[in-house]
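Colleague: entry_12.pdb (PDB, C-alpha atoms (C1' of nucleotides)) pasted underneath:
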```pdb
MODEL        1
ATOM      1  CA  MET P   1     -23.234  -6.762  57.275
ATOM      2  CA  ALA P   2     -25.997  -7.393  54.753
ATOM      3  CA  ILE P   3     -27.489  -4.559  52.755
ATOM      4  CA  ASP P   4     -31.236  -4.133  52.314
ATOM      5  CA  ASP P   5     -33.324  -2.143  49.856
ATOM      6  CA  LEU P   6     -33.473   0.897  52.125
ATOM      7  CA  ASP P   7     -29.668   0.949  52.276
ATOM      8  CA  ARG P   8     -29.530   0.680  48.515
ATOM      9  CA  SER P   9     -31.923   3.631  48.153
ATOM     10  CA  ILE P  10     -29.726   5.715  50.434
ATOM     11  CA  LEU P  11     -26.621   4.757  48.441
ATOM     12  CA  ALA P  12     -28.402   5.727  45.226
ATOM     13  CA  LEU P  13     -29.204   9.165  46.656
ATOM     14  CA  LEU P  14     -25.642   9.608  47.879
ATOM     15  CA  ARG P  15     -24.303   8.653  44.477
ATOM     16  CA  ASP P  16     -26.183  11.612  43.010
ATOM     17  CA  ASP P  17     -25.385  14.018  45.835
ATOM     18  CA  ALA P  18     -23.043  12.943  48.590
ATOM     19  CA  ARG P  19     -23.670  16.227  50.443
ATOM     20  CA  ALA P  20     -27.431  15.744  50.789
ATOM     21  CA  SER P  21     -28.678  16.280  54.339
ATOM     22  CA  TYR P  22     -29.995  13.400  56.428
ATOM     23  CA  ALA P  23     -33.383  15.142  56.522
ATOM     24  CA  GLU P  24     -33.628  15.339  52.742
ATOM     25  CA  MET P  25     -32.591  11.713  52.282
ATOM     26  CA  GLY P  26     -35.005  10.676  55.022
ATOM     27  CA  ASP P  27     -37.864  12.404  53.210
ATOM     28  CA  ARG P  28     -37.039  10.617  49.984
ATOM     29  CA  VAL P  29     -36.718   7.117  51.409
ATOM     30  CA  GLY P  30     -39.401   7.451  54.088
ATOM     31  CA  LEU P  31     -37.188   7.411  57.191
ATOM     32  CA  SER P  32     -36.374   9.861  59.938
ATOM     33  CA  PRO P  33     -33.056  11.731  59.707
ATOM     34  CA  SER P  34     -31.657   9.729  62.628
ATOM     35  CA  ALA P  35     -32.521   6.428  60.994
ATOM     36  CA  VAL P  36     -30.710   7.525  57.836
ATOM     37  CA  LYS P  37     -27.665   8.544  59.847
ATOM     38  CA  ARG P  38     -27.609   5.257  61.722
ATOM     39  CA  ARG P  39     -27.686   3.323  58.472
ATOM     40  CA  MET P  40     -24.938   5.480  56.959
ATOM     41  CA  ASP P  41     -22.781   5.128  60.078
ATOM     42  CA  ARG P  42     -23.215   1.376  59.949
ATOM     43  CA  MET P  43     -22.333   1.226  56.250
ATOM     44  CA  ILE P  44     -19.234   3.336  56.886
ATOM     45  CA  ALA P  45     -18.220   1.043  59.779
ATOM     46  CA  ASP P  46     -18.796  -2.013  57.583
ATOM     47  CA  ASP P  47     -16.746  -0.411  54.798
ATOM     48  CA  VAL P  48     -19.684  -0.592  52.414
ATOM     49  CA  ILE P  49     -19.274   3.172  52.103
ATOM     50  CA  GLN P  50     -15.582   3.726  51.492
ATOM     51  CA  GLY P  51     -15.666   7.501  51.340
ATOM     52  CA  PHE P  52     -17.221  10.628  49.885
ATOM     53  CA  THR P  53     -15.611  12.517  47.088
ATOM     54  CA  VAL P  54     -16.038  15.356  44.641
ATOM     55  CA  LEU P  55     -16.229  15.218  40.858
ATOM     56  CA  ILE P  56     -13.902  17.854  39.454
ATOM     57  CA  ASP P  57     -13.649  19.092  35.867
ATOM     58  CA  PRO P  58     -10.696  17.028  34.548
ATOM     59  CA  GLU P  59      -9.271  20.028  32.693
ATOM     60  CA  ILE P  60      -9.216  22.228  35.782
ATOM     61  CA  ASP P  61      -7.989  19.341  37.855
ATOM     62  CA  GLY P  62      -4.994  19.381  35.585
ATOM     63  CA  ARG P  63      -4.531  15.637  35.269
ATOM     64  CA  SER P  64      -6.017  15.071  31.868
ATOM     65  CA  THR P  65      -3.029  13.259  30.374
ATOM     66  CA  GLU P  66      -3.815   9.581  30.778
ATOM     67  CA  ALA P  67      -2.189   6.337  29.773
ATOM     68  CA  TYR P  68      -2.792   2.648  30.216
ATOM     69  CA  VAL P  69       0.364   0.625  30.704
ATOM     70  CA  GLU P  70       0.651  -3.128  30.566
ATOM     71  CA  LEU P  71       3.338  -4.595  32.802
ATOM     72  CA  PHE P  72       5.266  -7.727  31.935
ATOM     73  CA  CYS P  73       7.157  -9.055  34.940
ATOM     74  CA  ARG P  74      10.131 -11.278  35.585
ATOM     75  CA  GLY P  75       9.135 -14.688  36.913
ATOM     76  CA  THR P  76       6.431 -14.773  39.552
ATOM     77  CA  VAL P  77       5.636 -11.564  41.376
ATOM     78  CA  ALA P  78       3.543 -11.414  44.541
ATOM     79  CA  PRO P  79       0.634  -8.995  44.054
ATOM     80  CA  HIS P  80       1.358  -7.225  47.327
ATOM     81  CA  GLU P  81       4.935  -6.538  46.213
ATOM     82  CA  LEU P  82       3.605  -4.963  43.055
ATOM     83  CA  ARG P  83       1.135  -2.931  45.072
ATOM     84  CA  ARG P  84       3.843  -1.645  47.374
ATOM     85  CA  VAL P  85       6.064  -0.532  44.521
ATOM     86  CA  LEU P  86       3.386   0.943  42.282
ATOM     87  CA  SER P  87       1.515   2.768  45.013
ATOM     88  CA  GLY P  88       4.714   4.688  45.683
ATOM     89  CA  ILE P  89       4.464   6.386  42.307
ATOM     90  CA  PRO P  90       2.051   9.282  42.766
ATOM     91  CA  ASP P  91       0.713   9.547  39.230
ATOM     92  CA  VAL P  92      -0.218   5.862  39.151
ATOM     93  CA  ASP P  93      -3.911   6.136  39.824
ATOM     94  CA  GLU P  94      -5.032   2.519  39.632
ATOM     95  CA  ALA P  95      -3.353  -0.848  39.272
ATOM     96  CA  PHE P  96      -4.717  -4.319  38.613
ATOM     97  CA  THR P  97      -3.432  -7.801  38.078
ATOM     98  CA  VAL P  98      -4.984  -9.280  34.954
ATOM     99  CA  THR P  99      -5.361 -12.374  32.825
ATOM    100  CA  GLY P 100      -3.705 -12.508  29.420
ATOM    101  CA  SER P 101      -0.130 -11.997  28.359
ATOM    102  CA  ALA P 102       0.448  -9.021  30.647
ATOM    103  CA  ASP P 103       0.783  -9.473  34.404
ATOM    104  CA  ALA P 104      -0.726  -6.157  35.401
ATOM    105  CA  ILE P 105      -2.252  -2.981  34.044
ATOM    106  CA  VAL P 106      -1.734   0.436  35.576
ATOM    107  CA  ARG P 107      -3.561   3.629  34.774
ATOM    108  CA  ILE P 108      -1.445   6.768  34.936
ATOM    109  CA  ARG P 109      -2.992  10.229  35.226
ATOM    110  CA  ALA P 110      -0.560  13.092  34.900
ATOM    111  CA  ARG P 111      -0.655  16.847  34.556
ATOM    112  CA  ASN P 112       0.850  16.865  31.084
ATOM    113  CA  PRO P 113       2.901  14.663  28.752
ATOM    114  CA  PRO P 114       6.264  15.397  30.433
ATOM    115  CA  HIS P 115       4.841  14.388  33.806
ATOM    116  CA  LEU P 116       3.430  11.276  32.174
ATOM    117  CA  GLU P 117       6.827  10.393  30.810
ATOM    118  CA  VAL P 118       8.407  10.724  34.248
ATOM    119  CA  ALA P 119       5.795   8.460  35.808
ATOM    120  CA  LEU P 120       6.210   5.917  33.023
ATOM    121  CA  GLU P 121       9.926   5.895  33.581
ATOM    122  CA  LYS P 122       9.408   5.204  37.295
ATOM    123  CA  VAL P 123       7.135   2.281  36.486
ATOM    124  CA  ARG P 124       9.725   0.840  34.115
ATOM    125  CA  LEU P 125      12.419   1.121  36.773
ATOM    126  CA  ALA P 126      10.500  -1.026  39.264
ATOM    127  CA  PRO P 127      12.649  -4.093  39.963
ATOM    128  CA  GLN P 128       9.861  -6.560  39.220
ATOM    129  CA  VAL P 129       9.092  -5.030  35.847
ATOM    130  CA  ASP P 130      10.639  -6.595  32.796
ATOM    131  CA  SER P 131       8.960  -4.601  30.039
ATOM    132  CA  THR P 132       5.944  -2.389  29.437
ATOM    133  CA  ARG P 133       3.539  -1.583  26.642
ATOM    134  CA  SER P 134       1.762   1.764  26.756
ATOM    135  CA  ALA P 135      -1.342   3.246  25.231
ATOM    136  CA  ILE P 136      -1.679   6.987  25.695
ATOM    137  CA  VAL P 137      -5.238   8.293  25.720
ATOM    138  CA  LEU P 138      -5.939  10.568  22.776
ATOM    139  CA  SER P 139      -9.572  11.311  23.599
ATOM    140  CA  ARG P 140     -12.141  10.152  26.073
ATOM    141  CA  LEU P 141     -15.088   8.924  24.037
ATOM    142  CA  PHE P 142     -17.334   8.760  27.101
ATOM    143  CA  GLY P 143     -17.534   7.690  30.712
ATOM    144  CA  PRO P 144     -17.091   6.832  33.465
ATOM    145  CA  ARG P 145     -20.760   5.978  33.736
ATOM    146  CA  GLY P 146     -20.787   3.975  36.935
ATOM    147  CA  VAL P 147     -19.345   5.038  40.243
ATOM    148  CA  ASP P 148     -16.836   3.132  42.293
TER
ATOM    149  CA  MET J   1     -13.518  31.165  35.957
ATOM    150  CA  ALA J   2      -9.901  30.908  37.110
ATOM    151  CA  ILE J   3      -8.918  28.761  40.066
ATOM    152  CA  ASP J   4      -6.441  29.875  42.715
ATOM    153  CA  ASP J   5      -4.414  27.937  45.277
ATOM    154  CA  LEU J   6      -7.069  28.329  47.972
ATOM    155  CA  ASP J   7      -9.640  26.794  45.630
ATOM    156  CA  ARG J   8      -7.250  23.952  44.930
ATOM    157  CA  SER J   9      -6.789  23.327  48.657
ATOM    158  CA  ILE J  10     -10.555  23.185  49.122
ATOM    159  CA  LEU J  11     -10.872  20.739  46.237
ATOM    160  CA  ALA J  12      -8.148  18.570  47.764
ATOM    161  CA  LEU J  13     -10.033  18.433  51.065
ATOM    162  CA  LEU J  14     -13.294  17.615  49.293
ATOM    163  CA  ARG J  15     -11.577  14.863  47.372
ATOM    164  CA  ASP J  16     -10.781  13.172  50.689
ATOM    165  CA  ASP J  17     -14.118  13.872  52.319
ATOM    166  CA  ALA J  18     -16.882  15.471  50.313
ATOM    167  CA  ARG J  19     -19.087  15.635  53.416
ATOM    168  CA  ALA J  20     -16.654  17.767  55.424
ATOM    169  CA  SER J  21     -18.299  20.790  57.007
ATOM    170  CA  TYR J  22     -17.497  24.324  55.859
ATOM    171  CA  ALA J  23     -16.049  25.070  59.311
ATOM    172  CA  GLU J  24     -13.636  22.142  59.189
ATOM    173  CA  MET J  25     -12.440  23.054  55.712
ATOM    174  CA  GLY J  26     -12.152  26.689  56.758
ATOM    175  CA  ASP J  27      -9.905  25.717  59.672
ATOM    176  CA  ARG J  28      -7.627  23.717  57.419
ATOM    177  CA  VAL J  29      -7.217  26.336  54.701
ATOM    178  CA  GLY J  30      -7.342  29.383  56.986
ATOM    179  CA  LEU J  31     -10.680  30.814  55.860
ATOM    180  CA  SER J  32     -14.018  31.508  57.519
ATOM    181  CA  PRO J  33     -16.793  28.967  56.861
ATOM    182  CA  SER J  34     -18.727  31.478  54.768
ATOM    183  CA  ALA J  35     -15.707  32.187  52.616
ATOM    184  CA  VAL J  36     -15.336  28.457  51.957
ATOM    185  CA  LYS J  37     -19.000  28.190  51.026
ATOM    186  CA  ARG J  38     -18.779  31.186  48.688
ATOM    187  CA  ARG J  39     -15.857  29.583  46.877
ATOM    188  CA  MET J  40     -17.593  26.227  46.624
ATOM    189  CA  ASP J  41     -20.788  27.842  45.329
ATOM    190  CA  ARG J  42     -18.772  29.669  42.704
ATOM    191  CA  MET J  43     -16.961  26.503  41.634
ATOM    192  CA  ILE J  44     -20.267  24.645  41.368
ATOM    193  CA  ALA J  45     -21.714  27.484  39.256
ATOM    194  CA  ASP J  46     -18.604  27.447  37.055
ATOM    195  CA  ASP J  47     -18.876  23.667  36.684
ATOM    196  CA  VAL J  48     -15.423  23.205  38.164
ATOM    197  CA  ILE J  49     -17.169  21.055  40.770
ATOM    198  CA  GLN J  50     -19.371  18.689  38.800
ATOM    199  CA  GLY J  51     -20.917  16.880  41.736
ATOM    200  CA  PHE J  52     -20.413  15.012  44.987
ATOM    201  CA  THR J  53     -20.525  11.263  45.145
ATOM    202  CA  VAL J  54     -19.956   8.267  47.356
ATOM    203  CA  LEU J  55     -17.381   5.504  47.012
ATOM    204  CA  ILE J  56     -19.123   2.171  47.464
ATOM    205  CA  ASP J  57     -17.527  -1.247  47.991
ATOM    206  CA  PRO J  58     -17.436  -2.679  44.434
ATOM    207  CA  GLU J  59     -18.516  -6.089  45.740
ATOM    208  CA  ILE J  60     -21.678  -4.695  47.276
ATOM    209  CA  ASP J  61     -22.239  -2.496  44.262
ATOM    210  CA  GLY J  62     -22.336  -5.720  42.294
ATOM    211  CA  ARG J  63     -20.196  -4.759  39.305
ATOM    212  CA  SER J  64     -16.871  -6.118  40.388
ATOM    213  CA  THR J  65     -16.052  -8.096  37.247
ATOM    214  CA  GLU J  66     -13.877  -5.799  35.175
ATOM    215  CA  ALA J  67     -11.975  -6.065  31.942
ATOM    216  CA  TYR J  68      -9.888  -3.851  29.721
ATOM    217  CA  VAL J  69     -10.388  -4.497  26.022
ATOM    218  CA  GLU J  70      -8.231  -3.184  23.227
ATOM    219  CA  LEU J  71     -10.066  -2.571  19.963
ATOM    220  CA  PHE J  72      -8.445  -3.011  16.577
ATOM    221  CA  CYS J  73     -10.572  -1.465  13.847
ATOM    222  CA  ARG J  74     -10.972  -1.805  10.098
ATOM    223  CA  GLY J  75      -9.498   1.123   8.192
ATOM    224  CA  THR J  76     -10.187   4.564   9.580
ATOM    225  CA  VAL J  77     -12.968   4.959  12.100
ATOM    226  CA  ALA J  78     -14.381   8.323  13.171
ATOM    227  CA  PRO J  79     -14.232   8.681  16.962
ATOM    228  CA  HIS J  80     -17.839   9.804  17.164
ATOM    229  CA  GLU J  81     -18.968   6.643  15.355
ATOM    230  CA  LEU J  82     -17.112   4.555  17.901
ATOM    231  CA  ARG J  83     -18.653   6.542  20.714
ATOM    232  CA  ARG J  84     -22.146   6.039  19.332
ATOM    233  CA  VAL J  85     -21.737   2.290  19.042
ATOM    234  CA  LEU J  86     -19.899   1.673  22.316
ATOM    235  CA  SER J  87     -22.074   3.908  24.445
ATOM    236  CA  GLY J  88     -25.010   1.731  23.440
ATOM    237  CA  ILE J  89     -23.524  -1.218  25.345
ATOM    238  CA  PRO J  90     -24.515  -0.716  28.984
ATOM    239  CA  ASP J  91     -21.635  -2.501  30.673
ATOM    240  CA  VAL J  92     -19.060  -0.471  28.758
ATOM    241  CA  ASP J  93     -18.133   2.035  31.412
ATOM    242  CA  GLU J  94     -15.439   4.075  29.708
ATOM    243  CA  ALA J  95     -13.944   4.257  26.238
ATOM    244  CA  PHE J  96     -10.893   6.050  24.853
ATOM    245  CA  THR J  97      -9.043   6.380  21.609
ATOM    246  CA  VAL J  98      -5.361   5.714  22.160
ATOM    247  CA  THR J  99      -1.911   5.740  20.607
ATOM    248  CA  GLY J 100      -0.159   2.467  19.883
ATOM    249  CA  SER J 101      -1.219  -0.560  17.934
ATOM    250  CA  ALA J 102      -4.781  -0.551  19.252
ATOM    251  CA  ASP J 103      -7.274   2.072  18.105
ATOM    252  CA  ALA J 104      -9.261   2.249  21.304
ATOM    253  CA  ILE J 105      -9.518   0.846  24.811
ATOM    254  CA  VAL J 106     -12.785   0.195  26.594
ATOM    255  CA  ARG J 107     -13.319  -0.645  30.216
ATOM    256  CA  ILE J 108     -16.146  -3.068  30.924
ATOM    257  CA  ARG J 109     -17.694  -3.414  34.372
ATOM    258  CA  ALA J 110     -20.152  -6.257  34.747
ATOM    259  CA  ARG J 111     -22.027  -7.994  37.526
ATOM    260  CA  ASN J 112     -20.273 -11.333  36.999
ATOM    261  CA  PRO J 113     -18.256 -13.223  34.366
ATOM    262  CA  PRO J 114     -21.278 -14.291  32.271
ATOM    263  CA  HIS J 115     -22.424 -10.663  32.033
ATOM    264  CA  LEU J 116     -18.884  -9.697  31.099
ATOM    265  CA  GLU J 117     -18.857 -12.269  28.333
ATOM    266  CA  VAL J 118     -22.105 -10.915  26.910
ATOM    267  CA  ALA J 119     -20.768  -7.361  26.907
ATOM    268  CA  LEU J 120     -17.529  -8.487  25.293
ATOM    269  CA  GLU J 121     -19.475 -10.251  22.580
ATOM    270  CA  LYS J 122     -21.425  -7.076  21.866
ATOM    271  CA  VAL J 123     -18.212  -5.096  21.526
ATOM    272  CA  ARG J 124     -16.822  -7.662  19.100
ATOM    273  CA  LEU J 125     -19.964  -7.500  16.995
ATOM    274  CA  ALA J 126     -19.670  -3.745  16.428
ATOM    275  CA  PRO J 127     -19.269  -3.227  12.647
ATOM    276  CA  GLN J 128     -16.144  -1.084  13.005
ATOM    277  CA  VAL J 129     -14.354  -3.630  15.165
ATOM    278  CA  ASP J 130     -11.960  -6.004  13.471
ATOM    279  CA  SER J 131     -10.486  -7.783  16.491
ATOM    280  CA  THR J 132     -10.089  -7.357  20.236
ATOM    281  CA  ARG J 133      -7.600  -8.257  22.921
ATOM    282  CA  SER J 134      -8.888  -8.558  26.479
ATOM    283  CA  ALA J 135      -7.370  -8.450  29.937
ATOM    284  CA  ILE J 136      -9.731  -9.502  32.706
ATOM    285  CA  VAL J 137      -8.999  -7.956  36.084
ATOM    286  CA  LEU J 138      -7.960 -10.554  38.662
ATOM    287  CA  SER J 139      -7.446  -8.187  41.568
ATOM    288  CA  ARG J 140      -7.410  -4.471  42.155
ATOM    289  CA  LEU J 141      -4.043  -3.673  43.690
ATOM    290  CA  PHE J 142      -5.144  -0.168  44.656
ATOM    291  CA  GLY J 143      -6.954   2.923  43.445
ATOM    292  CA  PRO J 144      -8.569   4.935  42.118
ATOM    293  CA  ARG J 145      -6.666   7.597  44.011
ATOM    294  CA  GLY J 146      -7.638  10.654  42.044
ATOM    295  CA  VAL J 147     -11.136  11.552  41.047
ATOM    296  CA  ASP J 148     -12.550  12.292  37.641
TER
ATOM    297  C1'  DG G   1     -18.388  38.551  60.814
ATOM    298  C1'  DC G   2     -22.811  38.173  63.230
ATOM    299  C1'  DT G   3     -27.207  36.078  64.037
ATOM    300  C1'  DG G   4     -31.579  33.558  63.434
ATOM    301  C1'  DA G   5     -32.628  29.203  61.223
ATOM    302  C1'  DA G   6     -31.492  24.530  60.095
ATOM    303  C1'  DA G   7     -28.906  20.314  60.513
ATOM    304  C1'  DT G   8     -26.361  17.036  63.172
ATOM    305  C1'  DT G   9     -25.813  13.977  66.887
ATOM    306  C1'  DA G  10     -26.411  11.235  71.048
ATOM    307  C1'  DG G  11     -29.553   9.530  74.490
ATOM    308  C1'  DC G  12     -33.806   7.460  75.538
ATOM    309  C1'  DC G  13     -38.198   5.201  74.596
ATOM    310  C1'  DT G  14     -41.273   2.165  71.939
ATOM    311  C1'  DG G  15     -42.863  -1.590  69.017
ATOM    312  C1'  DT G  16     -41.723  -5.767  66.559
ATOM    313  C1'  DT G  17     -39.494 -10.284  65.962
TER
ATOM    314  C1'  DA S   1     -33.285 -10.049  74.463
ATOM    315  C1'  DA S   2     -32.001  -7.874  70.112
ATOM    316  C1'  DC S   3     -32.942  -4.677  66.835
ATOM    317  C1'  DA S   4     -34.632  -0.824  64.105
ATOM    318  C1'  DG S   5     -37.109   3.413  64.060
ATOM    319  C1'  DG S   6     -38.759   7.763  66.004
ATOM    320  C1'  DC S   7     -38.464  11.609  69.212
ATOM    321  C1'  DT S   8     -36.196  15.128  71.842
ATOM    322  C1'  DA S   9     -32.633  18.274  73.360
ATOM    323  C1'  DA S  10     -27.895  20.048  73.303
ATOM    324  C1'  DT S  11     -24.607  21.329  70.089
ATOM    325  C1'  DT S  12     -22.833  22.540  65.785
ATOM    326  C1'  DT S  13     -23.330  24.322  61.265
ATOM    327  C1'  DC S  14     -25.426  27.042  57.797
ATOM    328  C1'  DA S  15     -27.149  31.134  54.950
ATOM    329  C1'  DG S  16     -28.562  35.867  54.633
ATOM    330  C1'  DC S  17     -27.638  40.319  56.162
TER
ENDMDL
END
```
Re-express the file's structure as structure tokens.

Modeller:
Amino acid sequence: MAIDDLDRSILALLRDDARASYAEMGDRVGLSPSAVKRRMDRMIADDVIQGFTVLIDPEIDGRSTEAYVELFCRGTVAPHELRRVLSGIPDVDEAFTVTGSADAIVRIRARNPPHLEVALEKVRLAPQVDSTRSAIVLSRLFGPRGVD
Amino acid sequence: MAIDDLDRSILALLRDDARASYAEMGDRVGLSPSAVKRRMDRMIADDVIQGFTVLIDPEIDGRSTEAYVELFCRGTVAPHELRRVLSGIPDVDEAFTVTGSADAIVRIRARNPPHLEVALEKVRLAPQVDSTRSAIVLSRLFGPRGVD
DNA sequence: GCTGAAATTAGCCTGTT
DNA sequence: AACAGGCTAATTTCAGC
């Protein structure tokens, strides 16, 4: 369950290139390929590693229209209810409960402004949602710099 | 330079598992392993694929304290000025200019609440920034589902 | 697409705590 | 005994023709 420095080194290598071979990673961290695989398998089983993914040019990916939407809800809403409803809207990419005047923030990533509008409408129609306040992204100044 | 439906299918598979073998992807999209590799190599060369990375448990990763901060600026601020200032604050992970009453939104990811407070203070001290409005993330309901 | 070369994977053995 | 690493061999996957 606990993570040691060797595990952290492997994660750092994977962050840069998730398709690196066990042999190459082993060379870099001073382990045999099998030892690297065992550690990766364990981290996957322990859910330390939650998956491997590809970084795609956002333009090509065609989901460069982004918005942040604050949700203001009626009364008290159970987080899992909100999760169930919001996760059913495909263009809702992330959702959080937050401190402050809003109850939650969702990030929408759509193909273009009309798609964004449709997704926004779906969020507003959720039964728990009283009102929303949106900020549409005009330009990405930088980031993301870390990796999830 | 252009991307066809087969390329898009390959990207979709990679998004779910960037360590999938060429053979497995070939089976799923109806191509030989070499054909899949040729397409991936081309997309990497064209910078459509910008890299492969790993999704790590945010807790383990140690930057699970997140906040979204709206920035309200004095007068007119050039986006590149904002980028220069904000990118100098390490825990600021992403920054956007947006529509609405705020001028920009930044996402902060810190190791723990004290680190978050320090980063927030730095943002507030930026000369262009007049005031801020923060929402600290209490819980991640889900996501991210897409990939940048 | 085929084929030699390389990587992956599972089993077994060893040394350390 | 429990655990982590290395080695080996069978299988799968890869990269150049």

Colleague: CA of Leu55 (chain J) and CA of Asp5 (chain J), how far apart in Å?

Modeller: 26.0 Å

Colleague: Since I can't run it myself right now, could you work out what the PyMOL selection byres ((chain P) within 10 of (chain G)) selects here and report it as a list in words?

Modeller: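 Evaluating the PyMOL selection byres ((chain P) within 10 of (chain G)) on this file yields Ser21, Tyr22, Ala23, Pro33, Ser34 and Lys37 of chain P.
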
Colleague: List as a PDB file with C-alpha atoms, in the coordinates of the input the residues having at least one atom at most 8 Å from position (1.9, -0.2, 27.5) as given in the file, counting all atoms listed in the file.

Modeller:
```
ATOM      1  CA  TYR P  68      -2.792   2.648  30.216  1.00  0.00           C
ATOM      2  CA  VAL P  69       0.364   0.625  30.704  1.00  0.00           C
ATOM      3  CA  GLU P  70       0.651  -3.128  30.566  1.00  0.00           C
ATOM      4  CA  LEU P  71       3.338  -4.595  32.802  1.00  0.00           C
ATOM      5  CA  THR P 132       5.944  -2.389  29.437  1.00  0.00           C
ATOM      6  CA  ARG P 133       3.539  -1.583  26.642  1.00  0.00           C
ATOM      7  CA  SER P 134       1.762   1.764  26.756  1.00  0.00           C
ATOM      8  CA  ALA P 135      -1.342   3.246  25.231  1.00  0.00           C
TER       9      ALA P 135
END
```

Colleague: RMSD over all C-alpha atoms, chain J superposed on chain P in order?

Modeller: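 So the superposition leaves a C-alpha RMSD of 1.4 Å.
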
Colleague: Within 9 Å of chain S, which residues of chain P are there when counting only C-alpha atoms (C1' of nucleotides)? Please give them as a VMD selection string.

Modeller: chain P and resid 31 to 32 34 to 35

Colleague: Kindly resolve the PyMOL selection byres ((chain J) within 8 of (chain P)) on the present coordinates and return the residues as number ranges by chain.

Modeller: J: 3, 11, 14-19, 47-58, 60, 79-80, 82-83, 87, 93-100, 102, 134-148

Colleague: Kindly output region 37-50 of chain P as a PDB file, keeping the file's coordinate frame, after building N, CA, C and O atoms.

Modeller:
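See part-v1.pdb below for the written result:
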```pdb
ATOM      1  N   LYS P  37     -29.028   8.423  59.330  1.00  0.00           N
ATOM      2  CA  LYS P  37     -27.665   8.544  59.847  1.00  0.00           C
ATOM      3  C   LYS P  37     -27.171   7.217  60.411  1.00  0.00           C
ATOM      4  O   LYS P  37     -26.037   6.816  60.161  1.00  0.00           O
ATOM      5  N   ARG P  38     -28.024   6.547  61.163  1.00  0.00           N
ATOM      6  CA  ARG P  38     -27.609   5.257  61.722  1.00  0.00           C
ATOM      7  C   ARG P  38     -27.197   4.293  60.619  1.00  0.00           C
ATOM      8  O   ARG P  38     -26.181   3.615  60.715  1.00  0.00           O
ATOM      9  N   ARG P  39     -28.018   4.232  59.572  1.00  0.00           N
ATOM     10  CA  ARG P  39     -27.686   3.323  58.472  1.00  0.00           C
ATOM     11  C   ARG P  39     -26.380   3.733  57.795  1.00  0.00           C
ATOM     12  O   ARG P  39     -25.539   2.891  57.479  1.00  0.00           O
ATOM     13  N   MET P  40     -26.195   5.042  57.590  1.00  0.00           N
ATOM     14  CA  MET P  40     -24.938   5.480  56.959  1.00  0.00           C
ATOM     15  C   MET P  40     -23.747   5.161  57.855  1.00  0.00           C
ATOM     16  O   MET P  40     -22.719   4.678  57.371  1.00  0.00           O
ATOM     17  N   ASP P  41     -23.877   5.431  59.149  1.00  0.00           N
ATOM     18  CA  ASP P  41     -22.781   5.128  60.078  1.00  0.00           C
ATOM     19  C   ASP P  41     -22.435   3.636  60.039  1.00  0.00           C
ATOM     20  O   ASP P  41     -21.264   3.262  60.046  1.00  0.00           O
ATOM     21  N   ARG P  42     -23.462   2.816  59.995  1.00  0.00           N
ATOM     22  CA  ARG P  42     -23.215   1.376  59.949  1.00  0.00           C
ATOM     23  C   ARG P  42     -22.500   0.995  58.646  1.00  0.00           C
ATOM     24  O   ARG P  42     -21.532   0.233  58.663  1.00  0.00           O
ATOM     25  N   MET P  43     -22.956   1.566  57.534  1.00  0.00           N
ATOM     26  CA  MET P  43     -22.333   1.226  56.250  1.00  0.00           C
ATOM     27  C   MET P  43     -20.885   1.714  56.191  1.00  0.00           C
ATOM     28  O   MET P  43     -20.037   1.066  55.578  1.00  0.00           O
ATOM     29  N   ILE P  44     -20.616   2.853  56.836  1.00  0.00           N
ATOM     30  CA  ILE P  44     -19.234   3.336  56.886  1.00  0.00           C
ATOM     31  C   ILE P  44     -18.396   2.382  57.738  1.00  0.00           C
ATOM     32  O   ILE P  44     -17.287   1.999  57.354  1.00  0.00           O
ATOM     33  N   ALA P  45     -18.940   1.970  58.896  1.00  0.00           N
ATOM     34  CA  ALA P  45     -18.220   1.043  59.779  1.00  0.00           C
ATOM     35  C   ALA P  45     -17.969  -0.292  59.077  1.00  0.00           C
ATOM     36  O   ALA P  45     -16.899  -0.888  59.229  1.00  0.00           O
ATOM     37  N   ASP P  46     -18.928  -0.731  58.296  1.00  0.00           N
ATOM     38  CA  ASP P  46     -18.796  -2.013  57.583  1.00  0.00           C
ATOM     39  C   ASP P  46     -17.979  -1.877  56.303  1.00  0.00           C
ATOM     40  O   ASP P  46     -17.799  -2.857  55.577  1.00  0.00           O
ATOM     41  N   ASP P  47     -17.539  -0.669  55.991  1.00  0.00           N
ATOM     42  CA  ASP P  47     -16.746  -0.411  54.798  1.00  0.00           C
ATOM     43  C   ASP P  47     -17.542  -0.624  53.501  1.00  0.00           C
ATOM     44  O   ASP P  47     -16.956  -0.834  52.442  1.00  0.00           O
ATOM     45  N   VAL P  48     -18.863  -0.585  53.630  1.00  0.00           N
ATOM     46  CA  VAL P  48     -19.684  -0.592  52.414  1.00  0.00           C
ATOM     47  C   VAL P  48     -19.527   0.770  51.747  1.00  0.00           C
ATOM     48  O   VAL P  48     -19.344   0.868  50.533  1.00  0.00           O
ATOM     49  N   ILE P  49     -19.593   1.820  52.576  1.00  0.00           N
ATOM     50  CA  ILE P  49     -19.274   3.172  52.103  1.00  0.00           C
ATOM     51  C   ILE P  49     -17.799   3.398  52.390  1.00  0.00           C
ATOM     52  O   ILE P  49     -17.362   3.352  53.532  1.00  0.00           O
ATOM     53  N   GLN P  50     -17.031   3.603  51.338  1.00  0.00           N
ATOM     54  CA  GLN P  50     -15.582   3.726  51.492  1.00  0.00           C
ATOM     55  C   GLN P  50     -15.117   5.174  51.495  1.00  0.00           C
ATOM     56  O   GLN P  50     -13.931   5.442  51.659  1.00  0.00           O
TER      57      GLN P  50
END
```
